[in-house]
$ cat model_20.pdb   # PDB, C-alpha atoms and all ligand atoms
ATOM      1  CA  MET T   1      61.673  53.467 -22.679  1.00  0.00           C
ATOM      2  CA  ILE T   2      59.957  50.700 -20.747  1.00  0.00           C
ATOM      3  CA  LEU T   3      59.220  47.698 -22.940  1.00  0.00           C
ATOM      4  CA  GLU T   4      56.344  45.278 -22.570  1.00  0.00           C
ATOM      5  CA  ILE T   5      57.353  42.049 -20.853  1.00  0.00           C
ATOM      6  CA  VAL T   6      56.054  38.895 -22.537  1.00  0.00           C
ATOM      7  CA  LYS T   7      54.395  36.483 -20.121  1.00  0.00           C
ATOM      8  CA  TYR T   8      54.299  32.699 -20.011  1.00  0.00           C
ATOM      9  CA  GLY T   9      51.902  31.362 -22.621  1.00  0.00           C
ATOM     10  CA  ASP T  10      53.415  33.415 -25.432  1.00  0.00           C
ATOM     11  CA  PRO T  11      55.149  30.950 -27.811  1.00  0.00           C
ATOM     12  CA  ILE T  12      58.125  33.301 -28.259  1.00  0.00           C
ATOM     13  CA  LEU T  13      59.357  32.268 -24.796  1.00  0.00           C
ATOM     14  CA  THR T  14      59.877  28.673 -25.907  1.00  0.00           C
ATOM     15  CA  ARG T  15      61.746  29.453 -29.113  1.00  0.00           C
ATOM     16  CA  SER T  16      65.499  29.555 -29.609  1.00  0.00           C
ATOM     17  CA  ALA T  17      66.990  33.025 -30.153  1.00  0.00           C
ATOM     18  CA  GLU T  18      69.438  34.037 -32.889  1.00  0.00           C
ATOM     19  CA  ARG T  19      72.987  35.325 -32.503  1.00  0.00           C
ATOM     20  CA  VAL T  20      73.505  39.074 -32.385  1.00  0.00           C
ATOM     21  CA  THR T  21      75.675  40.197 -35.317  1.00  0.00           C
ATOM     22  CA  GLU T  22      75.176  43.955 -35.426  1.00  0.00           C
ATOM     23  CA  PHE T  23      76.718  45.941 -32.569  1.00  0.00           C
ATOM     24  CA  ASP T  24      75.158  49.204 -33.623  1.00  0.00           C
ATOM     25  CA  GLU T  25      73.231  52.117 -32.152  1.00  0.00           C
ATOM     26  CA  LYS T  26      70.021  50.074 -32.332  1.00  0.00           C
ATOM     27  CA  LEU T  27      71.552  47.455 -30.049  1.00  0.00           C
ATOM     28  CA  HIS T  28      72.750  50.154 -27.601  1.00  0.00           C
ATOM     29  CA  LYS T  29      69.227  51.537 -27.464  1.00  0.00           C
ATOM     30  CA  LEU T  30      67.715  48.076 -26.932  1.00  0.00           C
ATOM     31  CA  VAL T  31      70.111  47.366 -24.049  1.00  0.00           C
ATOM     32  CA  ASP T  32      69.282  50.743 -22.424  1.00  0.00           C
ATOM     33  CA  ASN T  33      65.566  49.973 -22.719  1.00  0.00           C
ATOM     34  CA  MET T  34      66.030  46.460 -21.348  1.00  0.00           C
ATOM     35  CA  PHE T  35      67.855  47.795 -18.266  1.00  0.00           C
ATOM     36  CA  GLU T  36      65.129  50.410 -17.735  1.00  0.00           C
ATOM     37  CA  THR T  37      62.440  47.725 -18.077  1.00  0.00           C
ATOM     38  CA  MET T  38      64.249  45.317 -15.714  1.00  0.00           C
ATOM     39  CA  TYR T  39      64.786  47.961 -12.992  1.00  0.00           C
ATOM     40  CA  ALA T  40      61.184  49.160 -13.263  1.00  0.00           C
ATOM     41  CA  ALA T  41      59.702  45.646 -13.026  1.00  0.00           C
ATOM     42  CA  PRO T  42      61.701  45.216 -10.699  1.00  0.00           C
ATOM     43  CA  GLY T  43      63.919  42.247 -11.469  1.00  0.00           C
ATOM     44  CA  VAL T  44      67.567  41.142 -11.492  1.00  0.00           C
ATOM     45  CA  GLY T  45      67.665  39.722 -15.029  1.00  0.00           C
ATOM     46  CA  LEU T  46      65.876  40.157 -18.346  1.00  0.00           C
ATOM     47  CA  ALA T  47      66.472  38.312 -21.623  1.00  0.00           C
ATOM     48  CA  ALA T  48      65.601  39.676 -25.074  1.00  0.00           C
ATOM     49  CA  PRO T  49      62.911  37.034 -25.809  1.00  0.00           C
ATOM     50  CA  GLN T  50      61.079  38.368 -22.734  1.00  0.00           C
ATOM     51  CA  VAL T  51      60.589  41.661 -24.558  1.00  0.00           C
ATOM     52  CA  GLY T  52      59.554  39.856 -27.742  1.00  0.00           C
ATOM     53  CA  LEU T  53      62.925  39.760 -29.522  1.00  0.00           C
ATOM     54  CA  LEU T  54      64.541  36.449 -30.517  1.00  0.00           C
ATOM     55  CA  LYS T  55      68.098  37.696 -29.998  1.00  0.00           C
ATOM     56  CA  ARG T  56      70.811  36.126 -27.888  1.00  0.00           C
ATOM     57  CA  LEU T  57      71.349  38.729 -25.215  1.00  0.00           C
ATOM     58  CA  PHE T  58      70.320  39.536 -21.681  1.00  0.00           C
ATOM     59  CA  VAL T  59      70.874  42.155 -19.023  1.00  0.00           C
ATOM     60  CA  MET T  60      71.314  41.501 -15.322  1.00  0.00           C
ATOM     61  CA  ASP T  61      72.086  43.268 -12.054  1.00  0.00           C
ATOM     62  CA  CYS T  62      71.997  41.129  -8.932  1.00  0.00           C
ATOM     63  CA  SER T  63      72.537  44.251  -6.795  1.00  0.00           C
ATOM     64  CA  SER T  64      69.260  45.772  -8.098  1.00  0.00           C
ATOM     65  CA  GLY T  65      71.042  48.997  -9.058  1.00  0.00           C
ATOM     66  CA  LYS T  66      73.129  49.369  -5.893  1.00  0.00           C
ATOM     67  CA  ASP T  67      76.493  48.371  -7.369  1.00  0.00           C
ATOM     68  CA  THR T  68      77.332  49.480 -10.922  1.00  0.00           C
ATOM     69  CA  LYS T  69      79.970  46.701 -11.186  1.00  0.00           C
ATOM     70  CA  GLN T  70      77.144  44.161 -11.135  1.00  0.00           C
ATOM     71  CA  LYS T  71      75.323  45.815 -14.035  1.00  0.00           C
ATOM     72  CA  LEU T  72      76.038  43.405 -16.873  1.00  0.00           C
ATOM     73  CA  VAL T  73      74.994  42.840 -20.451  1.00  0.00           C
ATOM     74  CA  LEU T  74      75.848  39.461 -21.982  1.00  0.00           C
ATOM     75  CA  ILE T  75      75.571  39.095 -25.741  1.00  0.00           C
ATOM     76  CA  ASN T  76      75.839  35.683 -27.432  1.00  0.00           C
ATOM     77  CA  PRO T  77      76.751  34.053 -24.098  1.00  0.00           C
ATOM     78  CA  VAL T  78      78.177  30.543 -23.989  1.00  0.00           C
ATOM     79  CA  ILE T  79      78.475  28.709 -20.677  1.00  0.00           C
ATOM     80  CA  ASN T  80      81.790  26.851 -20.747  1.00  0.00           C
ATOM     81  CA  MET T  81      81.826  25.399 -17.255  1.00  0.00           C
ATOM     82  CA  GLU T  82      79.343  24.642 -14.518  1.00  0.00           C
ATOM     83  CA  GLU T  83      80.285  23.406 -11.059  1.00  0.00           C
ATOM     84  CA  GLY T  84      78.487  22.406  -7.876  1.00  0.00           C
ATOM     85  CA  GLU T  85      74.854  23.035  -7.153  1.00  0.00           C
ATOM     86  CA  GLN T  86      72.622  25.405  -5.231  1.00  0.00           C
ATOM     87  CA  ILE T  87      68.937  25.133  -4.455  1.00  0.00           C
ATOM     88  CA  GLY T  88      67.075  28.364  -3.989  1.00  0.00           C
ATOM     89  CA  GLU T  89      63.932  30.310  -4.669  1.00  0.00           C
ATOM     90  CA  GLU T  90      63.678  31.691  -8.147  1.00  0.00           C
ATOM     91  CA  GLY T  91      61.294  33.964  -9.975  1.00  0.00           C
ATOM     92  CA  CYS T  92      60.990  35.186 -13.561  1.00  0.00           C
ATOM     93  CA  LEU T  93      59.551  38.435 -14.910  1.00  0.00           C
ATOM     94  CA  SER T  94      57.547  36.363 -17.406  1.00  0.00           C
ATOM     95  CA  PHE T  95      55.918  34.535 -14.459  1.00  0.00           C
ATOM     96  CA  PRO T  96      54.763  37.388 -12.195  1.00  0.00           C
ATOM     97  CA  GLY T  97      54.116  36.275  -8.627  1.00  0.00           C
ATOM     98  CA  ILE T  98      55.419  32.729  -9.195  1.00  0.00           C
ATOM     99  CA  TYR T  99      58.386  31.644  -7.074  1.00  0.00           C
ATOM    100  CA  VAL T 100      59.728  28.102  -6.992  1.00  0.00           C
ATOM    101  CA  GLN T 101      62.765  26.223  -5.695  1.00  0.00           C
ATOM    102  CA  VAL T 102      65.192  25.537  -8.540  1.00  0.00           C
ATOM    103  CA  LYS T 103      68.500  23.683  -8.561  1.00  0.00           C
ATOM    104  CA  ARG T 104      71.255  25.534 -10.426  1.00  0.00           C
ATOM    105  CA  PRO T 105      75.041  25.279 -10.667  1.00  0.00           C
ATOM    106  CA  GLN T 106      76.820  27.058  -7.827  1.00  0.00           C
ATOM    107  CA  ARG T 107      79.562  28.304 -10.151  1.00  0.00           C
ATOM    108  CA  VAL T 108      79.363  29.236 -13.832  1.00  0.00           C
ATOM    109  CA  VAL T 109      82.079  30.275 -16.276  1.00  0.00           C
ATOM    110  CA  VAL T 110      80.593  32.100 -19.241  1.00  0.00           C
ATOM    111  CA  ARG T 111      82.064  33.754 -22.328  1.00  0.00           C
ATOM    112  CA  ALA T 112      80.083  36.540 -23.934  1.00  0.00           C
ATOM    113  CA  GLN T 113      80.403  39.698 -26.001  1.00  0.00           C
ATOM    114  CA  ASP T 114      79.868  43.175 -24.615  1.00  0.00           C
ATOM    115  CA  ILE T 115      77.847  45.969 -26.158  1.00  0.00           C
ATOM    116  CA  ASN T 116      80.699  46.703 -28.608  1.00  0.00           C
ATOM    117  CA  GLY T 117      81.232  43.087 -29.613  1.00  0.00           C
ATOM    118  CA  SER T 118      84.378  42.474 -27.518  1.00  0.00           C
ATOM    119  CA  GLU T 119      84.613  39.055 -25.891  1.00  0.00           C
ATOM    120  CA  PHE T 120      84.982  38.660 -22.139  1.00  0.00           C
ATOM    121  CA  ASP T 121      84.841  35.844 -19.592  1.00  0.00           C
ATOM    122  CA  LEU T 122      82.980  35.804 -16.304  1.00  0.00           C
ATOM    123  CA  ASP T 123      83.640  33.350 -13.480  1.00  0.00           C
ATOM    124  CA  ILE T 124      80.776  33.787 -11.041  1.00  0.00           C
ATOM    125  CA  LEU T 125      79.111  32.216  -8.043  1.00  0.00           C
ATOM    126  CA  ASP T 126      75.822  31.960  -6.171  1.00  0.00           C
ATOM    127  CA  LEU T 127      73.109  34.449  -7.156  1.00  0.00           C
ATOM    128  CA  GLU T 128      75.008  35.702 -10.214  1.00  0.00           C
ATOM    129  CA  ALA T 129      75.598  32.120 -11.390  1.00  0.00           C
ATOM    130  CA  ARG T 130      71.905  31.384 -10.860  1.00  0.00           C
ATOM    131  CA  CYS T 131      70.980  34.456 -12.867  1.00  0.00           C
ATOM    132  CA  VAL T 132      73.321  33.686 -15.792  1.00  0.00           C
ATOM    133  CA  SER T 133      72.033  30.100 -15.894  1.00  0.00           C
ATOM    134  CA  HIS T 134      68.372  31.245 -15.850  1.00  0.00           C
ATOM    135  CA  GLU T 135      68.860  33.979 -18.483  1.00  0.00           C
ATOM    136  CA  THR T 136      70.986  31.828 -20.819  1.00  0.00           C
ATOM    137  CA  ASP T 137      68.186  29.244 -20.676  1.00  0.00           C
ATOM    138  CA  HIS T 138      65.768  31.907 -21.961  1.00  0.00           C
ATOM    139  CA  LEU T 139      67.898  32.254 -25.122  1.00  0.00           C
ATOM    140  CA  ASP T 140      67.308  28.552 -25.825  1.00  0.00           C
ATOM    141  CA  GLY T 141      63.594  28.765 -25.097  1.00  0.00           C
ATOM    142  CA  ASP T 142      63.994  26.959 -21.768  1.00  0.00           C
ATOM    143  CA  LEU T 143      61.936  28.144 -18.808  1.00  0.00           C
ATOM    144  CA  PHE T 144      62.591  27.674 -15.085  1.00  0.00           C
ATOM    145  CA  ILE T 145      59.447  25.603 -14.518  1.00  0.00           C
ATOM    146  CA  GLU T 146      61.036  22.866 -16.631  1.00  0.00           C
ATOM    147  CA  TYR T 147      63.323  22.112 -13.675  1.00  0.00           C
ATOM    148  CA  LEU T 148      60.340  21.215 -11.493  1.00  0.00           C
ATOM    149  CA  SER T 149      58.968  17.725 -11.022  1.00  0.00           C
ATOM    150  CA  PRO T 150      56.005  17.014 -13.365  1.00  0.00           C
ATOM    151  CA  LEU T 151      53.666  17.260 -10.367  1.00  0.00           C
ATOM    152  CA  LYS T 152      54.933  20.668  -9.227  1.00  0.00           C
ATOM    153  CA  ARG T 153      55.076  21.951 -12.798  1.00  0.00           C
ATOM    154  CA  ASP T 154      51.457  20.947 -13.279  1.00  0.00           C
ATOM    155  CA  LEU T 155      50.464  22.829 -10.113  1.00  0.00           C
ATOM    156  CA  VAL T 156      52.168  25.989 -11.381  1.00  0.00           C
ATOM    157  CA  LYS T 157      50.559  25.652 -14.821  1.00  0.00           C
ATOM    158  CA  ARG T 158      47.119  25.202 -13.261  1.00  0.00           C
ATOM    159  CA  LYS T 159      47.647  28.256 -11.071  1.00  0.00           C
ATOM    160  CA  ILE T 160      48.563  30.279 -14.182  1.00  0.00           C
ATOM    161  CA  LYS T 161      45.542  28.977 -16.144  1.00  0.00           C
ATOM    162  CA  LYS T 162      43.299  30.089 -13.308  1.00  0.00           C
ATOM    163  CA  ARG T 163      44.891  33.529 -13.304  1.00  0.00           C
ATOM    164  CA  ILE T 164      44.521  33.805 -17.093  1.00  0.00           C
ATOM    165  CA  LYS T 165      40.784  33.051 -16.697  1.00  0.00           C
ATOM    166  CA  GLN T 166      40.515  35.725 -14.009  1.00  0.00           C
ATOM    167  CA  GLY T 167      42.255  38.224 -16.280  1.00  0.00           C
ATOM    168  CA  ASP T 168      45.149  38.396 -13.815  1.00  0.00           C
ATOM    169  CA  TRP T 169      48.011  37.450 -16.156  1.00  0.00           C
TER     170      TRP T 169
HETATM  171 NI    NI A   1      63.208  34.543 -16.563  1.00  0.00          NI
END
$ encode --input "model_20.pdb" --output "structure tokens" --more "lines below"
Ligand code: NI
Amino acid sequence: MILEIVKYGDPILTRSAERVTEFDEKLHKLVDNMFETMYAAPGVGLAAPQVGLLKRLFVMDCSSGKDTKQKLVLINPVINMEEGEQIGEEGCLSFPGIYVQVKRPQRVVVRAQDINGSEFDLDILDLEARCVSHETDHLDGDLFIEYLSPLKRDLVKRKIKKRIKQGDW
């Protein structure tokens, strides 16, 4: 089932999400629906707050469905190490049509739980590191435009306000 993606302006996107404690059938269903929603959008990452749920989990697939090994679900993720930096263009499904240059760590080491609650570690680079950093931010209510200079952030916000007025948001 494709879920509705919450867009910027909805206060849920700036709230902190709660830990997942139940690894039940409901969670399995949610994860399935989140993958379906992300692929349909299309996007490479989707966090639970973006579908209106304040839960600490996200799905990602930097191969856009081409490589099943890159299909990942991270539940209660904790970033334990960040190294280096990369500057690149970034988008967000809650900001349709908005792409900005964002600085992120080049390498990220993250510990998370899988769909059954088992812990695992990921040591990742480049686009995957960017994605984990962006999606983990969502769980703390942090959005990618916060990395912009105040001037650039203001430009993006004004662009969005205009689109809201035009009914294009
Ligand atoms: Ni996002």
$ residues_near_ligand --input "model_20.pdb" --ligand "ligand NI 1 (chain A)" --cutoff "9 Å" --atoms "all atoms listed in the file" --output "MDAnalysis selection string"
chainID T and resid 45:47 50 90:95 131 134:135 137:138 143:144
$ resolve_selection --input "model_20.pdb" --expression "the PyMOL selection byres (((chain T and resi 32) around 12) and not hetatm)" --output "PyMOL selection string"
chain T and resi 1-3+25-31+33-39+46+48+58-60+71-73+115
$ closest_residue --input "model_20.pdb" --among "T:Gly117, T:Gly141, T:Gly88, T:Gly167" --to "T:Ile75" --atoms "only C-alpha atoms"
T:Gly117
$ closest_residue --input "model_20.pdb" --among "T:Pro105, T:Pro49, T:Pro150, T:Gly65" --to "T:Leu125" --atoms "all atoms listed in the file"
T:Pro105
$ atom_distance --input "model_20.pdb" --atom1 "atom CA of T:Glu22" --atom2 "atom CA of T:Arg111"
18.0 Å
$ closest_residue --input "model_20.pdb" --among "T:Glu4, T:Arg153, T:Leu13, T:Val20" --to "T:Asn116" --atoms "all atoms listed in the file"
T:Val20
$ residues_near_point --input "model_20.pdb" --point "(69.2, 36.5, -7.5)" --cutoff "9 Å" --atoms "all atoms listed in the file" --output "PyMOL selection string"
chain T and resi 43-45+61-63+89-91+126-131
$ closest_residue --input "model_20.pdb" --among "T:Arg158, T:Arg19, T:Lys69, T:Arg56" --to "T:Ile98" --atoms "only C-alpha atoms"
T:Arg158
$ resolve_selection --input "model_20.pdb" --expression "the PyMOL selection byres (((chain T and resi 102) around 6) and not hetatm)" --output "list of chain:residue names"
T:Ile87, T:Gly88, T:Gln101, T:Lys103
$ atom_distance --input "model_20.pdb" --atom1 "atom CA of T:Ser16" --atom2 "atom CA of T:Arg163"
26.6 Å
$ atom_distance --input "model_20.pdb" --atom1 "atom CA of T:Asn76" --atom2 "atom CA of T:Phe23"
11.5 Å
$ closest_residue --input "model_20.pdb" --among "T:Val108, T:Ile145, T:Leu54, T:Ile124" --to "T:Gln70" --atoms "all atoms listed in the file"
T:Ile124
$ closest_residue --input "model_20.pdb" --among "T:Leu139, T:Leu151, T:Leu122, T:Val109" --to "T:Glu18" --atoms "only C-alpha atoms"
T:Leu139
$ residues_near_point --input "model_20.pdb" --point "(77.5, 33.7, -17.9)" --cutoff "6 Å" --atoms "all atoms listed in the file" --output "JSON, numbers by chain"
{"T": [79, 109, 110, 132]}
